[in-house]
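J.: Contents of run_19.cif (mmCIF, C-alpha atoms):
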```cif
data_upload
loop_
_atom_site.group_PDB
_atom_site.id
_atom_site.type_symbol
_atom_site.label_atom_id
_atom_site.label_comp_id
_atom_site.auth_asym_id
_atom_site.auth_seq_id
_atom_site.Cartn_x
_atom_site.Cartn_y
_atom_site.Cartn_z
ATOM 1 C CA MET A 1 -41.233 8.341 -7.491
ATOM 2 C CA GLU A 2 -39.009 10.622 -5.356
ATOM 3 C CA GLN A 3 -37.110 7.608 -3.991
ATOM 4 C CA LYS A 4 -36.423 6.344 -7.517
ATOM 5 C CA LYS A 5 -35.158 9.788 -8.595
ATOM 6 C CA SER A 6 -32.840 9.887 -5.589
ATOM 7 C CA ARG A 7 -31.417 6.473 -6.435
ATOM 8 C CA ILE A 8 -30.736 7.577 -10.009
ATOM 9 C CA CYS A 9 -28.853 10.675 -8.767
ATOM 10 C CA LEU A 10 -26.756 8.585 -6.395
ATOM 11 C CA MET A 11 -25.931 6.161 -9.151
ATOM 12 C CA THR A 12 -24.992 9.027 -11.445
ATOM 13 C CA ASN A 13 -22.762 10.549 -8.770
ATOM 14 C CA LYS A 14 -21.120 7.201 -8.090
ATOM 15 C CA MET A 15 -20.620 6.539 -11.794
ATOM 16 C CA MET A 16 -19.170 10.009 -12.342
ATOM 17 C CA GLN A 17 -16.744 9.471 -9.469
ATOM 18 C CA GLU A 18 -15.662 6.164 -11.020
ATOM 19 C CA ILE A 19 -15.095 7.869 -14.361
ATOM 20 C CA VAL A 20 -12.943 10.578 -12.767
ATOM 21 C CA ASP A 21 -10.967 7.998 -10.783
ATOM 22 C CA ASP A 22 -10.400 5.852 -13.884
ATOM 23 C CA TRP A 23 -9.350 8.880 -15.920
ATOM 24 C CA ARG A 24 -6.765 9.847 -13.316
ATOM 25 C CA GLU A 25 -5.159 6.422 -13.844
ATOM 26 C CA TRP A 26 -5.597 6.274 -17.606
ATOM 27 C CA ARG A 27 -4.002 9.667 -18.222
ATOM 28 C CA TYR A 28 -0.676 8.284 -17.001
ATOM 29 C CA ASP A 29 -1.052 5.230 -19.231
ATOM 30 C CA ILE A 30 -1.653 7.533 -22.197
ATOM 31 C CA LEU A 31 1.428 9.553 -21.320
ATOM 32 C CA GLN A 32 3.620 6.463 -20.964
ATOM 33 C CA LEU A 33 2.458 5.003 -24.272
ATOM 34 C CA ASN A 34 3.205 8.236 -26.127
ATOM 35 C CA THR A 35 6.408 9.539 -24.562
ATOM 36 C CA ALA A 36 8.308 9.529 -27.852
ATOM 37 C CA THR A 37 5.866 11.939 -29.504
ATOM 38 C CA TRP A 38 4.531 13.760 -26.444
ATOM 39 C CA THR A 39 4.173 17.536 -26.699
ATOM 40 C CA GLN A 40 3.152 20.361 -24.404
ATOM 41 C CA ARG A 41 -0.095 20.563 -26.404
ATOM 42 C CA ASP A 42 -0.833 16.911 -25.533
ATOM 43 C CA GLU A 43 -0.262 17.727 -21.865
ATOM 44 C CA GLN A 44 -2.675 20.657 -22.137
ATOM 45 C CA LYS A 45 -5.305 18.365 -23.645
ATOM 46 C CA LEU A 46 -4.963 15.900 -20.761
ATOM 47 C CA ASN A 47 -5.235 18.729 -18.264
ATOM 48 C CA ALA A 48 -8.333 20.103 -20.015
ATOM 49 C CA ILE A 49 -10.064 16.702 -19.994
ATOM 50 C CA THR A 50 -9.208 16.295 -16.310
ATOM 51 C CA ALA A 51 -10.624 19.734 -15.499
ATOM 52 C CA ILE A 52 -13.841 19.041 -17.434
ATOM 53 C CA LEU A 53 -14.398 15.710 -15.685
ATOM 54 C CA GLU A 54 -13.681 17.143 -12.241
ATOM 55 C CA GLU A 55 -16.026 20.066 -12.910
ATOM 56 C CA GLN A 56 -18.800 17.694 -13.983
ATOM 57 C CA LEU A 57 -18.291 15.672 -10.807
ATOM 58 C CA GLU A 58 -18.540 18.821 -8.655
ATOM 59 C CA TRP A 59 -21.732 19.861 -10.466
ATOM 60 C CA GLN A 60 -23.182 16.406 -9.856
ATOM 61 C CA LYS A 61 -22.284 16.543 -6.166
ATOM 62 C CA ALA A 62 -23.846 19.995 -5.866
ATOM 63 C CA ALA A 63 -27.027 18.790 -7.575
ATOM 64 C CA ASP A 64 -27.193 15.808 -5.223
ATOM 65 C CA ARG A 65 -26.924 18.091 -2.168
ATOM 66 C CA ARG A 66 -29.969 20.110 -3.303
#
```
Can you give me the file's structure in the form of C-alpha coordinates?
T.:
Amino acid sequence: MEQKKSRICLMTNKMMQEIVDDWREWRYDILQLNTATWTQRDEQKLNAITAILEEQLEWQKAADRR
(Lines of atoms letter the chains of each structure in order from A and count residues from 1; the text may use other names and numbers.)
(Lines give C-alpha, C1' and ligand atoms only; values in the text may rest on other atoms or scores of the structure.)
Protein backbone atom coordinates (compact mmCIF):
# COMPACT_ATOMS: atom_id res chain seq x y z
CA MET A 1 0.00 0.00 0.00
CA GLU A 2 2.84 2.43 0.87
CA GLN A 3 4.50 1.81 -2.51
CA LYS A 4 1.25 2.59 -4.34
CA LYS A 5 0.81 5.83 -2.36
CA SER A 6 4.37 6.85 -3.23
CA ARG A 7 3.75 6.24 -6.92
CA ILE A 8 0.61 8.38 -6.81
CA CYS A 9 2.55 11.27 -5.19
CA LEU A 10 5.29 11.04 -7.81
CA MET A 11 2.74 11.06 -10.57
CA THR A 12 1.01 14.05 -9.02
CA ASN A 13 4.31 15.91 -8.72
CA LYS A 14 5.22 15.09 -12.30
CA MET A 15 1.79 16.12 -13.55
CA MET A 16 1.92 19.37 -11.59
CA GLN A 17 5.33 20.15 -13.06
CA GLU A 18 3.95 19.53 -16.56
CA ILE A 19 1.04 21.86 -15.86
CA VAL A 20 3.37 24.63 -14.67
CA ASP A 21 5.67 24.14 -17.66
CA ASP A 22 2.74 24.21 -20.10
CA TRP A 23 1.30 27.31 -18.44
CA ARG A 24 4.60 29.15 -18.80
CA GLU A 25 4.34 28.59 -22.57
CA TRP A 26 0.61 29.20 -22.88
CA ARG A 27 0.71 32.54 -21.07
CA TYR A 28 2.76 33.99 -23.93
CA ASP A 29 0.32 32.57 -26.48
CA ILE A 30 -2.53 34.24 -24.59
CA LEU A 31 -0.67 37.53 -24.57
CA GLN A 32 0.11 37.37 -28.29
CA LEU A 33 -3.48 36.55 -29.22
CA ASN A 34 -4.82 39.48 -27.20
CA THR A 35 -2.31 42.27 -27.75
CA ALA A 36 -4.89 44.65 -29.21
CA THR A 37 -7.02 44.58 -26.05
CA TRP A 38 -4.37 43.74 -23.46
CA THR A 39 -4.47 45.69 -20.19
CA GLN A 40 -2.40 45.87 -17.04
CA ARG A 41 -5.24 44.03 -15.28
CA ASP A 42 -4.86 41.14 -17.76
CA GLU A 43 -1.14 41.03 -16.99
CA GLN A 44 -1.91 40.91 -13.26
CA LYS A 45 -4.27 37.98 -13.84
CA LEU A 46 -1.58 36.05 -15.71
CA ASN A 47 0.91 36.76 -12.96
CA ALA A 48 -1.58 35.63 -10.29
CA ILE A 49 -2.29 32.34 -12.10
CA THR A 50 1.45 31.76 -12.49
CA ALA A 51 2.04 32.40 -8.79
CA ILE A 52 -0.79 30.04 -7.77
CA LEU A 53 0.50 27.23 -9.98
CA GLU A 54 4.09 27.65 -8.82
CA GLU A 55 2.95 27.69 -5.18
CA GLN A 56 0.97 24.49 -5.69
CA LEU A 57 4.01 22.85 -7.26
CA GLU A 58 6.20 23.86 -4.30
CA TRP A 59 3.61 22.48 -1.86
CA GLN A 60 3.54 19.22 -3.81
CA LYS A 61 7.33 18.98 -3.77
CA ALA A 62 7.39 19.65 -0.03
CA ALA A 63 4.75 16.97 0.57
CA ASP A 64 6.75 14.50 -1.51
CA ARG A 65 9.89 15.16 0.56
CA ARG A 66 8.06 14.27 3.80
J.: CA of Met16 in chain A to CA of Arg41 in chain A: how many Å, to one decimal?
T.: 25.9 Å
J.: Evaluate the PyMOL selection byres ((chain A and resi 61) around 10) and record the selected residues as a ChimeraX atom specification, following the chain and residue labels used in the document.
T.: /A:9-10,12-14,16-17,55-60,62-66
J.: Given only C-alpha atoms as the basis, pick out the residue of A:Met15, A:Asp21, A:Asn34, A:Arg27 nearest to Asn47 in chain A.
T.: A:Arg27
J.: Counting only C-alpha atoms, what is within 12 Å of Glu43 in chain A, bar same-chain residues fewer than 3 positions away, as a list in words?
T.: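 Counting only the stated atoms, we get Arg27, Tyr28, Ile30, Leu31, Gln32, Asn34, Thr35, Thr37, Trp38, Thr39, Gln40, Leu46, Asn47, Ala48, Ile49 and Thr50 of chain A.
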J.: Could you give me the axis-aligned bounding box of range 55-66 of chain A, with 8 Å of padding per side, as centre plus edge lengths in Å to one decimal, as lines of an AutoDock Vina configuration file?
T.:
```
center_x = -23.0
center_y = 17.9
center_z = -8.1
size_x = 29.9
size_y = 20.4
size_z = 27.8
```
